[in-house]
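Participant: Pasting model13.tsv below, which is TSV, C-alpha atoms and all ligand atoms.
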```
chain	number	residue	atom	x	y	z
A	1	MET	CA	122.97	99.65	132.34
A	2	THR	CA	123.28	99.75	128.62
A	3	ALA	CA	122.02	97.24	126.11
A	4	PRO	CA	122.01	96.97	122.34
A	5	ALA	CA	119.39	99.33	120.92
A	6	PRO	CA	117.61	98.94	117.59
A	7	ARG	CA	117.18	101.94	115.32
A	8	PRO	CA	114.36	103.90	116.99
A	9	GLU	CA	111.92	103.55	114.08
A	10	ILE	CA	112.05	99.75	114.41
A	11	LEU	CA	110.17	100.01	117.70
A	12	THR	CA	107.34	101.86	115.98
A	13	ILE	CA	106.59	98.73	113.96
A	14	ALA	CA	103.70	96.65	115.25
A	15	ALA	CA	104.52	93.00	114.55
A	16	TYR	CA	102.35	91.44	111.83
A	17	VAL	CA	99.40	89.61	113.34
A	18	ALA	CA	98.71	86.47	111.32
A	19	GLY	CA	95.26	84.90	111.14
A	20	ASP	CA	94.56	82.68	114.13
A	21	SER	CA	94.28	78.96	113.55
A	22	GLN	CA	93.00	77.86	116.94
A	23	THR	CA	90.21	78.83	119.26
A	24	PRO	CA	89.87	77.41	122.76
A	25	GLY	CA	87.35	74.65	123.30
A	26	ALA	CA	86.53	73.94	119.64
A	27	ASN	CA	87.28	70.40	118.51
A	28	ARG	CA	86.88	71.24	114.85
A	29	VAL	CA	88.15	74.57	113.65
A	30	ILE	CA	87.06	76.27	110.47
A	31	LYS	CA	89.83	78.65	109.51
A	32	LEU	CA	88.66	81.46	107.28
A	33	SER	CA	91.21	83.99	108.48
A	34	SER	CA	94.12	83.89	106.01
A	35	ASN	CA	92.72	83.59	102.44
A	36	GLU	CA	94.56	80.31	101.99
A	37	GLY	CA	92.42	78.91	99.19
A	38	ALA	CA	89.39	76.66	99.66
A	39	PHE	CA	90.76	73.33	98.45
A	40	GLY	CA	94.05	72.79	100.27
A	41	PRO	CA	97.20	72.14	98.22
A	42	PRO	CA	97.09	70.51	94.76
A	43	VAL	CA	97.59	66.73	94.92
A	44	SER	CA	100.55	66.94	92.54
A	45	ALA	CA	102.24	69.48	94.82
A	46	GLN	CA	101.79	67.15	97.78
A	47	ALA	CA	103.29	64.26	95.80
A	48	ALA	CA	106.28	66.35	94.72
A	49	PHE	CA	106.79	67.43	98.33
A	50	ARG	CA	106.89	63.82	99.51
A	51	GLN	CA	109.12	62.77	96.66
A	52	VAL	CA	111.73	65.40	97.43
A	53	ALA	CA	112.05	64.17	101.04
A	54	ALA	CA	114.97	61.90	100.18
A	55	GLU	CA	116.83	64.83	98.62
A	56	ILE	CA	116.66	67.37	101.42
A	57	HIS	CA	120.34	67.02	102.25
A	58	ARG	CA	120.97	68.85	98.95
A	59	TYR	CA	120.98	72.60	98.74
A	60	PRO	CA	118.22	73.89	96.49
A	61	ASP	CA	118.91	75.46	93.10
A	62	GLY	CA	119.65	79.01	94.24
A	63	ASP	CA	118.21	80.44	91.03
A	64	SER	CA	114.93	78.47	91.14
A	65	THR	CA	115.63	77.76	87.47
A	66	ALA	CA	112.98	75.10	86.83
A	67	LEU	CA	110.38	77.07	88.73
A	68	ARG	CA	111.08	80.32	86.87
A	69	LYS	CA	110.88	78.41	83.61
A	70	ALA	CA	107.55	76.85	84.60
A	71	ILE	CA	106.18	80.24	85.69
A	72	GLY	CA	107.39	81.76	82.44
A	73	GLN	CA	105.65	79.09	80.41
A	74	ARG	CA	102.44	79.28	82.36
A	75	PHE	CA	102.11	83.06	82.21
A	76	GLY	CA	103.90	83.76	78.92
A	77	LEU	CA	106.76	85.66	80.57
A	78	ASP	CA	110.54	85.71	80.14
A	79	PRO	CA	112.08	83.66	83.01
A	80	ALA	CA	115.09	85.99	83.01
A	81	ARG	CA	112.79	88.76	84.21
A	82	ILE	CA	111.42	86.69	87.11
A	83	VAL	CA	112.87	86.29	90.59
A	84	CYS	CA	111.36	83.93	93.16
A	85	GLY	CA	111.16	84.65	96.86
A	86	THR	CA	110.33	83.09	100.20
A	87	GLY	CA	106.78	84.24	99.68
A	88	SER	CA	106.17	87.60	98.07
A	89	ASP	CA	106.69	89.00	101.59
A	90	GLU	CA	110.44	88.48	101.13
A	91	LEU	CA	110.37	90.38	97.85
A	92	ILE	CA	108.42	93.26	99.40
A	93	GLN	CA	111.10	93.53	102.05
A	94	HIS	CA	113.96	93.51	99.54
A	95	LEU	CA	112.30	96.13	97.35
A	96	CYS	CA	111.92	98.43	100.38
A	97	HIS	CA	115.55	98.02	101.38
A	98	ILE	CA	116.88	98.33	97.84
A	99	TYR	CA	114.96	101.44	96.79
A	100	GLY	CA	113.93	102.93	100.13
A	101	GLY	CA	115.95	103.74	103.23
A	102	PRO	CA	116.49	106.70	105.56
A	103	GLY	CA	115.50	110.01	104.04
A	104	THR	CA	113.14	108.44	101.48
A	105	GLU	CA	109.40	107.98	101.35
A	106	ILE	CA	107.16	105.08	100.44
A	107	VAL	CA	103.49	105.60	99.62
A	108	MET	CA	100.78	103.03	100.11
A	109	SER	CA	97.02	103.13	100.21
A	110	GLN	CA	95.20	103.79	103.50
A	111	TYR	CA	93.90	100.22	103.80
A	112	GLY	CA	96.73	98.61	101.85
A	113	PHE	CA	98.48	95.40	102.88
A	114	THR	CA	100.27	95.79	106.23
A	115	MET	CA	103.53	94.24	105.05
A	116	TYR	CA	104.30	97.39	103.03
A	117	GLU	CA	104.24	99.48	106.18
A	118	ILE	CA	106.28	96.98	108.18
A	119	SER	CA	108.95	96.48	105.50
A	120	GLY	CA	109.08	100.15	104.53
A	121	THR	CA	109.62	101.25	108.12
A	122	TYR	CA	112.19	98.50	108.62
A	123	ALA	CA	114.10	99.85	105.64
A	124	GLY	CA	114.14	103.28	107.29
A	125	SER	CA	111.73	104.99	104.89
A	126	ARG	CA	108.85	107.18	105.97
A	127	VAL	CA	105.67	105.32	104.98
A	128	LEU	CA	102.80	107.57	103.94
A	129	LYS	CA	99.23	106.37	103.58
A	130	ALA	CA	97.02	107.84	100.86
A	131	PRO	CA	93.36	108.24	101.90
A	132	GLU	CA	90.90	105.96	100.11
A	133	VAL	CA	87.44	106.66	98.76
A	134	ASN	CA	84.86	103.89	99.26
A	135	LEU	CA	87.57	101.57	100.57
A	136	THR	CA	89.26	101.74	97.17
A	137	THR	CA	92.76	102.92	96.26
A	138	HIS	CA	92.49	106.55	95.17
A	139	VAL	CA	94.95	107.57	92.49
A	140	ASP	CA	94.74	111.31	93.10
A	141	SER	CA	95.46	110.95	96.81
A	142	ILE	CA	98.53	108.83	96.02
A	143	LEU	CA	99.71	111.37	93.46
A	144	ALA	CA	99.15	114.16	95.98
A	145	LEU	CA	101.63	112.49	98.35
A	146	ALA	CA	104.18	111.49	95.72
A	147	THR	CA	107.31	113.61	95.27
A	148	GLU	CA	110.80	113.11	93.85
A	149	ASN	CA	111.55	111.65	97.26
A	150	THR	CA	109.01	108.84	96.79
A	151	ARG	CA	111.02	105.76	95.95
A	152	LEU	CA	108.22	103.19	96.00
A	153	VAL	CA	104.46	103.08	95.65
A	154	PHE	CA	102.71	99.85	96.64
A	155	VAL	CA	99.28	98.98	95.30
A	156	ALA	CA	97.65	95.61	95.91
A	157	ASN	CA	95.16	94.98	93.14
A	158	PRO	CA	92.76	93.54	94.14
A	159	ASN	CA	93.51	94.93	97.57
A	160	ASN	CA	93.65	92.90	100.75
A	161	PRO	CA	91.73	93.36	103.06
A	162	THR	CA	89.12	95.44	101.22
A	163	GLY	CA	88.75	93.28	98.08
A	164	SER	CA	88.43	96.38	95.92
A	165	LEU	CA	89.84	96.66	92.41
A	166	LEU	CA	91.45	99.65	90.77
A	167	PRO	CA	90.46	99.79	87.07
A	168	GLN	CA	93.33	99.40	84.62
A	169	ALA	CA	92.86	102.92	83.23
A	170	GLU	CA	93.35	104.28	86.76
A	171	MET	CA	96.48	102.19	87.22
A	172	VAL	CA	97.87	103.58	83.97
A	173	ARG	CA	97.01	107.10	85.14
A	174	LEU	CA	98.82	106.41	88.42
A	175	ARG	CA	101.96	105.26	86.62
A	176	GLU	CA	101.89	108.26	84.30
A	177	GLY	CA	101.49	110.66	87.22
A	178	LEU	CA	104.35	109.28	89.30
A	179	PRO	CA	107.95	110.42	88.92
A	180	GLU	CA	109.92	108.12	86.60
A	181	THR	CA	112.29	107.42	89.48
A	182	THR	CA	109.47	105.95	91.59
A	183	LEU	CA	109.12	102.18	91.45
A	184	LEU	CA	105.45	101.16	91.25
A	185	VAL	CA	104.89	97.77	92.87
A	186	LEU	CA	101.70	96.05	91.71
A	187	ASP	CA	100.89	93.26	94.14
A	188	ALA	CA	98.59	90.84	92.34
A	189	ALA	CA	98.39	88.16	95.03
A	190	TYR	CA	94.71	87.59	94.16
A	191	ALA	CA	94.98	88.01	90.37
A	192	GLU	CA	93.47	84.64	89.49
A	193	TYR	CA	90.25	85.35	91.38
A	194	VAL	CA	89.45	88.55	89.51
A	195	THR	CA	86.34	88.31	87.34
A	196	ASP	CA	86.41	91.89	86.03
A	197	PRO	CA	87.11	91.52	82.29
A	198	GLY	CA	89.22	94.70	82.06
A	199	TYR	CA	91.73	93.50	84.64
A	200	ASP	CA	95.47	93.27	84.03
A	201	PRO	CA	97.58	91.92	86.91
A	202	GLY	CA	100.45	94.26	86.03
A	203	VAL	CA	102.21	92.65	83.07
A	204	ALA	CA	101.19	95.43	80.68
A	205	LEU	CA	102.65	98.17	82.88
A	206	VAL	CA	105.81	96.20	83.63
A	207	ASP	CA	106.40	95.72	79.91
A	208	ALA	CA	105.65	99.36	79.14
A	209	GLY	CA	108.60	100.79	81.06
A	210	GLU	CA	111.50	100.39	83.44
A	211	ASN	CA	109.85	101.37	86.68
A	212	THR	CA	107.01	98.93	87.46
A	213	VAL	CA	107.10	95.42	88.95
A	214	MET	CA	104.41	92.82	89.56
A	215	LEU	CA	104.32	90.51	92.58
A	216	ARG	CA	102.57	87.14	92.57
A	217	THR	CA	102.27	84.31	95.07
A	218	PHE	CA	101.63	80.59	95.43
A	219	SER	CA	99.95	81.24	98.80
A	220	LYS	CA	96.43	81.95	97.59
A	221	VAL	CA	94.90	80.20	94.57
A	222	PHE	CA	97.63	77.52	94.59
A	223	GLY	CA	96.99	76.74	98.25
A	224	MET	CA	100.66	76.69	99.26
A	225	GLY	CA	101.00	79.39	101.92
A	226	GLY	CA	102.98	77.04	104.14
A	227	MET	CA	105.62	76.53	101.43
A	228	ARG	CA	106.43	80.24	101.10
A	229	VAL	CA	106.80	80.86	97.38
A	230	GLY	CA	106.24	84.17	95.65
A	231	TRP	CA	107.69	85.80	92.57
A	232	CYS	CA	108.39	89.15	91.01
A	233	TYR	CA	108.19	89.99	87.30
A	234	GLY	CA	109.99	93.18	86.41
A	235	PRO	CA	112.56	95.02	84.34
A	236	LEU	CA	115.94	93.24	84.12
A	237	ALA	CA	117.65	95.98	86.15
A	238	VAL	CA	115.25	95.48	89.08
A	239	ILE	CA	115.48	91.69	88.93
A	240	ASP	CA	119.27	92.04	88.86
A	241	VAL	CA	119.42	94.02	92.10
A	242	ILE	CA	117.01	91.69	93.90
A	243	ASN	CA	119.23	88.77	92.89
A	244	ARG	CA	122.21	90.52	94.46
A	245	VAL	CA	120.63	90.82	97.90
A	246	ARG	CA	118.12	88.00	98.33
A	247	GLY	CA	118.89	84.87	100.31
A	248	VAL	CA	121.16	82.76	98.12
A	249	PHE	CA	118.96	79.70	98.67
A	250	ASN	CA	115.79	81.60	99.51
A	251	VAL	CA	113.27	79.14	98.03
A	252	ASN	CA	113.84	75.74	99.57
A	253	ILE	CA	114.06	72.50	97.62
A	254	ALA	CA	110.59	71.26	98.62
A	255	ALA	CA	108.96	74.60	97.87
A	256	GLN	CA	110.48	74.69	94.38
A	257	ALA	CA	109.40	71.12	93.61
A	258	ALA	CA	105.89	71.62	94.96
A	259	ALA	CA	105.38	74.89	93.10
A	260	VAL	CA	106.52	73.41	89.77
A	261	ALA	CA	104.12	70.51	90.32
A	262	ALA	CA	101.26	72.83	91.28
A	263	LEU	CA	101.63	74.68	87.99
A	264	SER	CA	101.30	71.42	86.11
A	265	GLU	CA	98.12	70.29	87.87
A	266	SER	CA	95.57	70.55	85.14
A	267	GLY	CA	92.37	72.43	85.88
A	268	TRP	CA	93.41	73.47	89.37
A	269	VAL	CA	93.13	77.22	88.91
A	270	GLU	CA	89.98	76.90	86.81
A	271	ARG	CA	88.23	74.77	89.45
A	272	SER	CA	89.36	77.01	92.28
A	273	VAL	CA	88.27	80.17	90.53
A	274	ALA	CA	84.89	78.72	89.49
A	275	HIS	CA	84.25	77.71	93.09
A	276	ASN	CA	85.36	81.09	94.39
A	277	THR	CA	83.23	83.05	91.94
A	278	GLU	CA	80.15	81.05	92.86
A	279	TRP	CA	80.66	81.04	96.63
A	280	ARG	CA	81.94	84.60	96.90
A	281	ALA	CA	78.58	85.66	95.47
A	282	ARG	CA	76.52	83.19	97.52
A	283	LEU	CA	78.27	84.13	100.74
A	284	ALA	CA	77.82	87.84	100.02
A	285	THR	CA	74.11	87.35	99.33
A	286	ALA	CA	73.64	85.34	102.52
A	287	LEU	CA	75.46	87.89	104.68
A	288	GLN	CA	73.50	90.76	103.16
A	289	ALA	CA	70.26	88.89	103.80
A	290	ALA	CA	71.34	88.67	107.45
A	291	GLY	CA	71.69	92.46	107.55
A	292	ILE	CA	75.46	92.73	107.14
A	293	THR	CA	76.96	95.14	104.62
A	294	VAL	CA	79.40	93.39	102.29
A	295	TRP	CA	81.96	95.32	100.29
A	296	PRO	CA	82.41	94.27	96.65
A	297	SER	CA	85.34	91.86	96.39
A	298	GLN	CA	87.46	90.56	93.54
A	299	GLY	CA	89.49	88.32	95.87
A	300	ASN	CA	88.84	85.05	97.70
A	301	PHE	CA	87.50	86.86	100.74
A	302	LEU	CA	84.79	89.30	101.73
A	303	LEU	CA	84.99	92.35	103.94
A	304	ALA	CA	81.89	92.16	106.14
A	305	ASP	CA	80.90	95.51	107.62
A	306	PHE	CA	78.99	95.39	110.91
A	307	ALA	CA	78.66	99.19	111.16
A	308	THR	CA	80.03	99.34	114.71
A	309	PRO	CA	83.17	97.92	116.35
A	310	ARG	CA	80.99	96.53	119.14
A	311	LYS	CA	78.93	94.45	116.74
A	312	ALA	CA	81.98	93.26	114.79
A	313	LYS	CA	83.64	92.18	118.04
A	314	GLY	CA	80.47	90.44	119.12
A	315	ALA	CA	80.21	88.61	115.80
A	316	ASP	CA	83.85	87.54	116.01
A	317	ALA	CA	83.37	86.17	119.53
A	318	PHE	CA	80.17	84.40	118.49
A	319	LEU	CA	81.93	82.73	115.54
A	320	ARG	CA	84.91	81.72	117.66
A	321	GLY	CA	82.62	80.17	120.22
A	322	ARG	CA	81.45	77.91	117.40
A	323	GLY	CA	84.91	77.09	116.11
A	324	ILE	CA	84.90	79.53	113.18
A	325	ILE	CA	87.88	81.87	112.87
A	326	VAL	CA	87.75	84.94	110.65
A	327	ARG	CA	89.99	87.99	110.64
A	328	CYS	CA	89.48	91.05	112.86
A	329	MET	CA	90.22	94.25	111.00
A	330	ALA	CA	90.94	96.56	113.93
A	331	GLY	CA	94.66	96.52	113.12
A	332	TYR	CA	93.83	97.87	109.67
A	333	GLY	CA	91.77	100.74	111.08
A	334	LEU	CA	88.51	98.97	110.20
A	335	PRO	CA	87.35	97.86	113.67
A	336	HIS	CA	83.75	97.58	112.48
A	337	CYS	CA	84.68	94.96	109.87
A	338	LEU	CA	85.63	91.29	109.71
A	339	ARG	CA	87.38	89.72	106.74
A	340	ILE	CA	86.02	86.30	105.82
A	341	THR	CA	87.82	83.92	103.47
A	342	VAL	CA	85.71	82.08	100.91
A	343	GLY	CA	86.12	78.48	102.04
A	344	THR	CA	84.47	75.26	100.92
A	345	ALA	CA	80.71	75.20	100.26
A	346	GLU	CA	80.17	73.72	103.72
A	347	GLU	CA	82.37	76.32	105.41
A	348	CYS	CA	80.65	79.19	103.62
A	349	THR	CA	77.25	77.85	104.61
A	350	MET	CA	78.33	77.45	108.22
A	351	VAL	CA	79.77	80.93	108.57
A	352	ALA	CA	76.72	82.47	106.88
A	353	ASP	CA	74.25	80.53	109.04
A	354	THR	CA	76.17	81.33	112.21
A	355	LEU	CA	76.28	85.03	111.41
A	356	ALA	CA	72.57	85.02	110.56
A	357	THR	CA	71.91	83.58	114.03
A	358	PHE	CA	74.18	86.21	115.59
A	359	MET	CA	72.52	89.07	113.72
A	360	ALA	CA	69.03	87.89	114.68
A	361	ALA	CA	70.06	87.69	118.35
A	362	ALA	CA	71.85	91.06	118.20
A	363	GLY	CA	68.78	92.61	116.54
A	364	ALA	CA	66.50	91.22	119.26
A	365	ALA	CA	68.85	92.52	121.97
A	366	ASP	CA	68.94	95.98	120.35
A	367	ALA	CA	65.14	96.02	120.19
A	368	ALA	CA	64.85	94.99	123.84
A	369	ASN	CA	67.24	97.76	124.87
A	370	GLY	CA	65.10	100.26	122.98
A	401	LIG	C1	98.69	87.00	100.91
A	401	LIG	C2	99.26	88.22	100.31
A	401	LIG	C3	100.55	88.25	99.83
A	401	LIG	C4	101.35	86.97	99.74
A	401	LIG	O1	102.22	86.76	100.68
A	401	LIG	P1	103.22	85.52	100.59
A	401	LIG	O2	104.38	86.06	101.32
A	401	LIG	O3	103.52	85.26	99.15
A	401	LIG	O4	102.54	84.39	101.26
A	401	LIG	C5	101.05	89.39	99.25
A	401	LIG	N1	100.28	90.48	99.13
A	401	LIG	C6	99.02	90.49	99.56
A	401	LIG	C7	98.20	91.70	99.35
A	401	LIG	C8	98.48	89.38	100.17
A	401	LIG	O5	97.22	89.40	100.62
```
As structure tokens, please, write out the structure in this file.

Facilitator:
Amino acid sequence: MTAPAPRPEILTIAAYVAGDSQTPGANRVIKLSSNEGAFGPPVSAQAAFRQVAAEIHRYPDGDSTALRKAIGQRFGLDPARIVCGTGSDELIQHLCHIYGGPGTEIVMSQYGFTMYEISGTYAGSRVLKAPEVNLTTHVDSILALATENTRLVFVANPNNPTGSLLPQAEMVRLREGLPETTLLVLDAAYAEYVTDPGYDPGVALVDAGENTVMLRTFSKVFGMGGMRVGWCYGPLAVIDVINRVRGVFNVNIAAQAAAVAALSESGWVERSVAHNTEWRARLATALQAAGITVWPSQGNFLLADFATPRKAKGADAFLRGRGIIVRCMAGYGLPHCLRITVGTAEECTMVADTLATFMAAAGAADAANG
């Protein structure tokens, strides 16, 4: 018997595991597993979504013209150097296929975002992971792996799932150390949440040359993960090639309308970021008080370190039993950690209290077992 066979490397890809949204037996679920933003979608985005319902027989504007203009205005960027995608995931995939492929290499950080590995392997590239130090992207280990054969380097800054930030001077040093033919992809999905004053989401490096792009998304601070809208800001030549290969109507009519409206909702980002800054700190303090190590985070999530995989698994099961879903990190090679999204004040309090109860019980059990 013979059957169609995929390219062999495709079968080495482990399918992306999204954050769960259900847990058996719970009648109310608190979902803190996908960093979706604490406040739901902006009201104006919801209104635009409803309003467009009568128009959905029309194809969308294939160039997302109004959206690119609105993004350009909001962030002070040239709309001609922006391309929108079906989430930034789509753009990651195109970049890998455009610049990577069989015989090439892609470098990412050891605990970098999984989509780089999936898309890079799909494109046929060899994906190399640069060891991190203190769960932070390490420039020298990336440079040690980079050769003329390295077509792409992906850095999420801040990184998901670790939350760590690479200082701007280090990012500049990375760019300077890479071959000019290597495209550096700065994924700033969590840019808005960063409180470090020296942070640049990538605009400076994009503008400084022809070989760096910045990725952004509406899935996090704008609370629109279900709409699938992301964008890339880059040199004209890069934007041009993405436009040649992307889905002609990649961003649907509702997604475009909702994203334009979200950008116009006054105070949305400010309120979301103020909430996140406050509750990221409060949640970290509460978890630390319960005896859990918390890694410093510049995103809308915390990486909680339980020291052992057994304890992390136990904590995850305990939370699920109470209707709280966080993200297991075993797939990222961090089986002793759970990633917890900063939710509403109530959600943060509930997850902290529940974990405090778990840690007290686990401590008592450890003591009893000697
Ligand atoms: C969430 C996330 C994205 C965004 O993905 P979308 O496809 O735009 O929803 C991109 N990069 C990182 C690091 C993320 O965490």

Participant: Show me which residues are within 6 Å of ligand LIG 401 (chain A) counting all atoms listed in the file, and format the list as a PyMOL selection string.

Facilitator: chain A and resi 87-89+113+156+159-160+187+189+217+219+225+228-230

Participant: Give me, as a PyMOL selection string, all polymer residues having an atom no more than 10 Å from His336 in chain A, counting all atoms listed in the file and skipping those fewer than 3 positions away in the same chain.

Facilitator: chain A and resi 304-313+328-330+333

Participant: Compile the contact shell of range 24-32 of chain A as a list in words: residues with an atom at most 10 Å away, counting only C-alpha atoms, same-chain residues fewer than 6 positions apart removed.

Facilitator: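 In the requested form, the answer reads Ala38, Phe301, Leu319, Arg320, Gly321, Arg322, Gly323, Ile324, Ile325, Val326, Arg327, Arg339, Ile340, Thr341, Val342, Gly343, Thr344, Glu346, Glu347, Cys348, Met350 and Val351 of chain A.
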
Participant: Print the selection's residues with C-alpha atoms to a file, as a tab-separated table (two decimals), in the frame of the given file.

Facilitator:
```tsv
chain	number	residue	atom	x	y	z
A	38	ALA	CA	89.39	76.66	99.66
A	301	PHE	CA	87.50	86.86	100.74
A	319	LEU	CA	81.93	82.73	115.54
A	320	ARG	CA	84.91	81.72	117.66
A	321	GLY	CA	82.62	80.17	120.22
A	322	ARG	CA	81.45	77.91	117.40
A	323	GLY	CA	84.91	77.09	116.11
A	324	ILE	CA	84.90	79.53	113.18
A	325	ILE	CA	87.88	81.87	112.87
A	326	VAL	CA	87.75	84.94	110.65
A	327	ARG	CA	89.99	87.99	110.64
A	339	ARG	CA	87.38	89.72	106.74
A	340	ILE	CA	86.02	86.30	105.82
A	341	THR	CA	87.82	83.92	103.47
A	342	VAL	CA	85.71	82.08	100.91
A	343	GLY	CA	86.12	78.48	102.04
A	344	THR	CA	84.47	75.26	100.92
A	346	GLU	CA	80.17	73.72	103.72
A	347	GLU	CA	82.37	76.32	105.41
A	348	CYS	CA	80.65	79.19	103.62
A	350	MET	CA	78.33	77.45	108.22
A	351	VAL	CA	79.77	80.93	108.57
```

Participant: Find the distance between CA of Ser272 in chain A and CA of Met227 in chain A and write it in Å to one decimal.

Facilitator: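 Atom-to-atom, CA of Ser272 in chain A and CA of Met227 in chain A are spaced 18.7 Å apart.
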
Participant: Do a neighbour search on Thr104 in chain A at 8 Å with all atoms listed in the file, toss out local chain neighbours closer than 5 positions, and write the hits as a ChimeraX atom specification.

Facilitator: /A:124-126,149-151

Participant: Measuring atom to atom with only C-alpha atoms, identify which of A:Val251, A:Met214, A:Ala188, A:Ala14 is nearest to Glu117 in chain A.

Facilitator: A:Ala14

Participant: Name the residues, using the chain letters and numbers of the file, that sit within 10 Å of (105.9, 108.4, 99.7) when counting all atoms listed in the file, and give them as a list in words.

Facilitator: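 Here the neighbourhood of the point contains Gly100, Thr104, Glu105, Ile106, Val107, Met108, Ser125, Arg126, Val127, Leu128, Lys129, Ala130, Ile142, Leu143, Ala144, Leu145, Ala146, Thr147, Glu148, Asn149, Thr150, Arg151, Leu152, Val153, Phe154 and Thr182 of chain A.
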
Participant: A:Pro60, A:Pro79, A:Pro6, A:Gly85: which is nearest Gly247 in chain A, counting all atoms listed in the file?

Facilitator: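 Checking each candidate against Gly247 in chain A, we get A:Gly85 as the closest.
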
Participant: Please tell me which residues are no farther than 12 Å from (71.6, 83.3, 112.6) in the file, counting all atoms listed in the file, and write them as a PDB file with C-alpha atoms, in the coordinates of the input.

Facilitator:
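See selection20.pdb below for the written result:
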```pdb
ATOM      1  CA  ALA A 286      73.640  85.340 102.520  1.00  0.00           C
ATOM      2  CA  LEU A 287      75.460  87.890 104.680  1.00  0.00           C
ATOM      3  CA  ALA A 289      70.260  88.890 103.800  1.00  0.00           C
ATOM      4  CA  ALA A 290      71.340  88.670 107.450  1.00  0.00           C
ATOM      5  CA  GLY A 291      71.690  92.460 107.550  1.00  0.00           C
ATOM      6  CA  ILE A 292      75.460  92.730 107.140  1.00  0.00           C
ATOM      7  CA  ALA A 315      80.210  88.610 115.800  1.00  0.00           C
ATOM      8  CA  PHE A 318      80.170  84.400 118.490  1.00  0.00           C
ATOM      9  CA  LEU A 319      81.930  82.730 115.540  1.00  0.00           C
ATOM     10  CA  THR A 349      77.250  77.850 104.610  1.00  0.00           C
ATOM     11  CA  MET A 350      78.330  77.450 108.220  1.00  0.00           C
ATOM     12  CA  VAL A 351      79.770  80.930 108.570  1.00  0.00           C
ATOM     13  CA  ALA A 352      76.720  82.470 106.880  1.00  0.00           C
ATOM     14  CA  ASP A 353      74.250  80.530 109.040  1.00  0.00           C
ATOM     15  CA  THR A 354      76.170  81.330 112.210  1.00  0.00           C
ATOM     16  CA  LEU A 355      76.280  85.030 111.410  1.00  0.00           C
ATOM     17  CA  ALA A 356      72.570  85.020 110.560  1.00  0.00           C
ATOM     18  CA  THR A 357      71.910  83.580 114.030  1.00  0.00           C
ATOM     19  CA  PHE A 358      74.180  86.210 115.590  1.00  0.00           C
ATOM     20  CA  MET A 359      72.520  89.070 113.720  1.00  0.00           C
ATOM     21  CA  ALA A 360      69.030  87.890 114.680  1.00  0.00           C
ATOM     22  CA  ALA A 361      70.060  87.690 118.350  1.00  0.00           C
ATOM     23  CA  ALA A 362      71.850  91.060 118.200  1.00  0.00           C
ATOM     24  CA  GLY A 363      68.780  92.610 116.540  1.00  0.00           C
ATOM     25  CA  ALA A 364      66.500  91.220 119.260  1.00  0.00           C
TER      26      ALA A 364
END
```

Participant: Record the distance separating CA of Asp140 in chain A and CA of Glu176 in chain A, expressed in Å with one decimal.

Facilitator: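 According to the coordinates, CA of Asp140 in chain A and CA of Glu176 in chain A are separated by 11.7 Å.
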
Participant: Just how far from CA of Asn252 in chain A is CA of Leu236 in chain A, in Å to one decimal?

Facilitator: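 Distance between the two atoms: 23.4 Å.
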
Participant: Which residues are near range 40-46 of chain A? Cut-off 12 Å, only C-alpha atoms, ignore same chain within fewer than 3 positions. Put them as a PyMOL selection string.

Facilitator: chain A and resi 31+35-37+49-53+218-227+254-269+271-272+343-344

Participant: Just the residues within 8 Å of Val83 in chain A, please, counting all atoms listed in the file, with nothing from its chain fewer than 4 positions along; format it as a list in words.

Facilitator: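 The residues satisfying every condition are Asp63, Arg68, Trp231, Cys232, Tyr233, Ile239, Ile242 and Asn243 of chain A.
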
Participant: Would you please work out which residue, of A:Ala54, A:Ala15, A:Ala237, A:Val245, is nearest to Glu90 in chain A when using only C-alpha atoms?

Facilitator: A:Val245

Participant: Taking only C-alpha atoms into account, name the residue in A:Gly19, A:Gly62, A:Gly76, A:Pro161 that is nearest to Tyr332 in chain A.

Facilitator: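 For Tyr332 in chain A, the nearest of the candidates is A:Pro161.
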
Participant: Using all atoms listed in the file, which residue out of A:Ala345, A:Leu166, A:Ile253, A:Ala368 lies closest to His57 in chain A?

Facilitator: A:Ile253

Participant: With all atoms listed in the file as the basis for distance, which of A:Glu132, A:Phe75, A:Ala123, A:Gly177 is at the shortest distance from Pro201 in chain A?

Facilitator: A:Phe75

Participant: Is there a way to complete range 5-11 of chain A with N, CA and C atoms and then write that out as a CSV table (one decimal), keeping the file's coordinate frame?

Facilitator:
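As written to disk, rebuild-v5.csv reads:
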```csv
chain,number,residue,atom,x,y,z
A,5,ALA,N,120.7,98.6,121.3
A,5,ALA,CA,119.4,99.3,120.9
A,5,ALA,C,119.1,99.3,119.4
A,6,PRO,N,117.9,98.9,119.0
A,6,PRO,CA,117.6,98.9,117.6
A,6,PRO,C,117.5,100.4,117.1
A,7,ARG,N,117.5,100.6,115.8
A,7,ARG,CA,117.2,101.9,115.3
A,7,ARG,C,115.8,102.3,115.9
A,8,PRO,N,115.6,103.6,116.3
A,8,PRO,CA,114.4,103.9,117.0
A,8,PRO,C,113.1,103.6,116.2
A,9,GLU,N,113.2,103.8,114.8
A,9,GLU,CA,111.9,103.6,114.1
A,9,GLU,C,111.5,102.1,114.1
A,10,ILE,N,112.4,101.2,114.4
A,10,ILE,CA,112.0,99.8,114.4
A,10,ILE,C,111.0,99.5,115.5
A,11,LEU,N,111.1,100.2,116.6
A,11,LEU,CA,110.2,100.0,117.7
A,11,LEU,C,108.8,100.6,117.4
```
